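Enquirer: Here's a structure for you.
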Amino acid sequence: MKTNVAILISGTGTNMVELIKGMKEDHPGKPCVVVSSNPEAAGITKAANLDIKTYIVNKNNFGSDKRAFEEKLNEILFRHEAEVICLAGFMHILSDDFVSLWNKNLLNIHPSLLPKFKGLNTHKRAIEAGEKETGCTVHLVTPNLDDGPILGQTRVPILCDDTTETLRKRVLDNEIILYTNVLREFLIERIKMLPLNN
Ligand code: GAR
C-alpha cells in the first residue's frame with residue numbers, strides 16, 4: 001500500500017518535479033495532488049504534464065485571512081486523501097493549527113545547512129558571511145520558521161567566484177537528490193510505525 005503524498009508549491013517546481021518522478025519509480029509514495037499558492041507558478045504546468053491533479057489556491061485572494069487559506073488547502077488535501085505533505089518551495093509560514101493537524105507528516109526543504117540561514121536570501125547571506133560551504137536541509141515542519149527535526153542534509157562547497165545564482169543552481173542540483181531520497185526513507189520508516197490494521 002503506497003502513501004499518498006501531496007506537494008505544495010509557490011514557484012518553479014524543480015523539487016516537485018523530481019519528487020513526482022521519484023515516486024513514479026519503485027517507491028513507497030504516490031503523488032496524489034499538487035497545490036500552488038501562486039497562479040503564475042511555472043510548477044503548475046509541469047505537474048499537469050506529469051499527469052498530477054493540480055490546484056491553485058491563490059494566497060493573495062485571502063488577504064490576511066490565513067485560516068481561510070489553510071481551510072481551502074485542507075479541503076483539497078483531504079479530498080485527495082493526502083497522508084504526507086511535502087513543501088517544495090512553498091513560500092508561506094503555516095499556522096500552528098495547520099502544522100499540528102499534519103503533525104509529523106509535513107516535510108520541508110530549505111536551501112541552507114539549518115540551523116544556519118533560516119528565512120530568505122540564504123545564498124546571498126552565506127556568501128556575504130564568508131562561509132566556505134552551505135547546503136540544503138530536509139526537515140519536519142514545526143510552528144517555528146525553518147525549524148524542526150532534521151531528516152537529511154547535503155553539504156555544498158561555496159567557490160571563491162560564486163555568485164548568488166551559481167550557488168543557487170549548485171544547491172538546487174543537490175536539493176532534488178536529497179529530497180527524493182529523504183522522502184523515500186521517511187515513508188519506509190513511517191509505514192513501519194503505523195498500526196497493522198491501518
Ligand atoms: C528551493 O531552493 C527551496 O529549497 C526553497 O525554494 C526553492 C524552490 O525552488 N525553499 C525555501 O526557501 C523554503 N524556506 P523550486 O520551486 O524550483 O523547487
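Going through the C-alpha cells in order, the chains are called A, B, and so on, while each chain numbers its residues from 1 and the ligands are numbered from 1 in the order shown.
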Name the residues of region 28-170 of chain A that fall into strand (DSSP E) according to DSSP on the backbone, using the chain letters and numbers of this document, as a ChimeraX atom specification.

Expert: /A:29-36,54-56,84-87,106-110,133-140,150-157

Enquirer: Residues near region 39-55 of chain A, anyone? I mean within 9 Å using only C-alpha atoms, not counting same-chain ones fewer than 6 positions away, as an MDAnalysis selection string.

Expert: chainID A and resid 9:14 16:17 20:21 31:33 76

Enquirer: Residues of the last selection are to be written out with all heavy atoms, as a CSV table (one decimal), in the first residue's frame.

Expert:
```
chain,number,residue,atom,x,y,z
A,9,ILE,N,3.5,24.0,-3.6
A,9,ILE,CA,4.5,24.8,-4.3
A,9,ILE,C,4.0,26.3,-4.3
A,9,ILE,O,2.9,26.6,-4.2
A,9,ILE,CB,4.8,24.3,-5.7
A,9,ILE,CG1,3.5,24.5,-6.6
A,9,ILE,CG2,5.3,22.9,-5.7
A,9,ILE,CD1,3.8,24.3,-8.1
A,10,SER,N,5.0,27.2,-4.7
A,10,SER,CA,4.7,28.6,-5.0
A,10,SER,C,5.4,29.0,-6.2
A,10,SER,O,5.3,30.2,-6.6
A,10,SER,CB,5.1,29.5,-3.8
A,10,SER,OG,4.5,29.1,-2.6
A,11,GLY,N,6.3,28.2,-6.8
A,11,GLY,CA,7.2,28.7,-7.9
A,11,GLY,C,7.5,27.8,-9.0
A,11,GLY,O,6.7,27.1,-9.5
A,12,THR,N,8.8,27.6,-9.2
A,12,THR,CA,9.3,26.9,-10.4
A,12,THR,C,9.0,25.4,-10.3
A,12,THR,O,8.8,24.8,-11.4
A,12,THR,CB,10.9,27.1,-10.5
A,12,THR,OG1,11.1,28.5,-10.3
A,12,THR,CG2,11.4,26.7,-11.8
A,13,GLY,N,9.1,24.8,-9.2
A,13,GLY,CA,8.7,23.4,-9.1
A,13,GLY,C,9.8,22.4,-9.4
A,13,GLY,O,9.5,21.3,-9.7
A,14,THR,N,11.0,22.8,-9.3
A,14,THR,CA,12.1,21.9,-9.6
A,14,THR,C,12.1,20.7,-8.6
A,14,THR,O,12.2,19.5,-9.1
A,14,THR,CB,13.5,22.6,-9.5
A,14,THR,OG1,13.4,23.9,-10.1
A,14,THR,CG2,14.6,21.8,-10.2
A,16,MET,N,9.6,19.7,-6.8
A,16,MET,CA,8.3,19.0,-7.0
A,16,MET,C,8.4,18.0,-8.2
A,16,MET,O,8.0,16.8,-8.0
A,16,MET,CB,7.2,20.0,-7.4
A,16,MET,CG,5.9,19.4,-7.7
A,16,MET,SD,5.0,20.5,-8.9
A,16,MET,CE,6.0,20.3,-10.4
A,17,VAL,N,9.0,18.4,-9.3
A,17,VAL,CA,9.1,17.5,-10.5
A,17,VAL,C,9.9,16.3,-10.1
A,17,VAL,O,9.5,15.2,-10.4
A,17,VAL,CB,9.8,18.3,-11.7
A,17,VAL,CG1,10.2,17.3,-12.7
A,17,VAL,CG2,8.8,19.3,-12.3
A,20,ILE,N,8.0,13.9,-7.8
A,20,ILE,CA,7.0,13.2,-8.6
A,20,ILE,C,7.6,12.1,-9.4
A,20,ILE,O,7.2,10.9,-9.4
A,20,ILE,CB,6.2,14.1,-9.5
A,20,ILE,CG1,5.3,15.1,-8.7
A,20,ILE,CG2,5.3,13.3,-10.5
A,20,ILE,CD1,4.6,16.2,-9.5
A,21,LYS,N,8.7,12.4,-10.1
A,21,LYS,CA,9.4,11.4,-10.9
A,21,LYS,C,9.9,10.3,-10.1
A,21,LYS,O,9.9,9.1,-10.4
A,21,LYS,CB,10.6,12.1,-11.7
A,21,LYS,CG,10.1,12.9,-12.9
A,21,LYS,CD,11.3,13.4,-13.7
A,21,LYS,CE,10.9,14.2,-14.9
A,21,LYS,NZ,12.0,15.0,-15.5
A,31,PRO,N,2.2,10.3,-5.7
A,31,PRO,CA,1.8,11.7,-5.7
A,31,PRO,C,0.3,11.8,-5.9
A,31,PRO,O,-0.2,11.3,-6.9
A,31,PRO,CB,2.6,12.3,-6.9
A,31,PRO,CG,2.9,11.2,-7.7
A,31,PRO,CD,3.0,10.0,-6.9
A,32,CYS,N,-0.4,12.5,-4.9
A,32,CYS,CA,-1.9,12.5,-5.1
A,32,CYS,C,-2.4,13.8,-5.5
A,32,CYS,O,-3.4,13.9,-6.2
A,32,CYS,CB,-2.6,12.1,-3.8
A,32,CYS,SG,-2.2,13.2,-2.4
A,33,VAL,N,-1.7,14.9,-5.3
A,33,VAL,CA,-2.1,16.2,-5.7
A,33,VAL,C,-1.0,17.3,-5.5
A,33,VAL,O,-0.1,17.1,-4.7
A,33,VAL,CB,-3.4,16.7,-4.9
A,33,VAL,CG1,-3.1,17.0,-3.4
A,33,VAL,CG2,-4.1,17.9,-5.5
A,76,ILE,N,-8.8,20.5,-0.1
A,76,ILE,CA,-8.2,19.8,-1.3
A,76,ILE,C,-7.4,18.6,-0.8
A,76,ILE,O,-7.5,17.5,-1.4
A,76,ILE,CB,-7.4,20.8,-2.1
A,76,ILE,CG1,-8.3,21.9,-2.7
A,76,ILE,CG2,-6.6,20.0,-3.2
A,76,ILE,CD1,-7.5,23.1,-3.3
```

Enquirer: Any residue with an atom at most 10 Å from ligand 1 counts, using only C-alpha atoms and all ligand atoms. Which are they? Put them as a PyMOL selection string.

Expert: chain A and resi 8-19+41-43+87-93+108-112+117-123+135-138+145-147+168-169+171-176+179

Enquirer: Can you list, as number ranges by chain, every residue of region 17-153 of chain A that DSSP puts in alpha helix (DSSP H)?

Expert: A: 17-24, 43-49, 66-79, 96-101, 122-128

Enquirer: One decimal, Å: what's the distance from CA of Thr180 (chain A) over to CA of Met23 (chain A), could you say?

Expert: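 CA of Met23 (chain A) lies 8.2 Å from CA of Thr180 (chain A).
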
Enquirer: Could you check how far CA of Lys30 (chain A) sits from CA of Pro149 (chain A), in Å to one decimal?

Expert: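 Interatomic distance here is 23.5 Å.
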
Enquirer: Quick one: of A:Ala68, A:Lys116, A:Lys2, A:His139, who's nearest to Cys86 (chain A), counting only C-alpha atoms?

Expert: A:His139
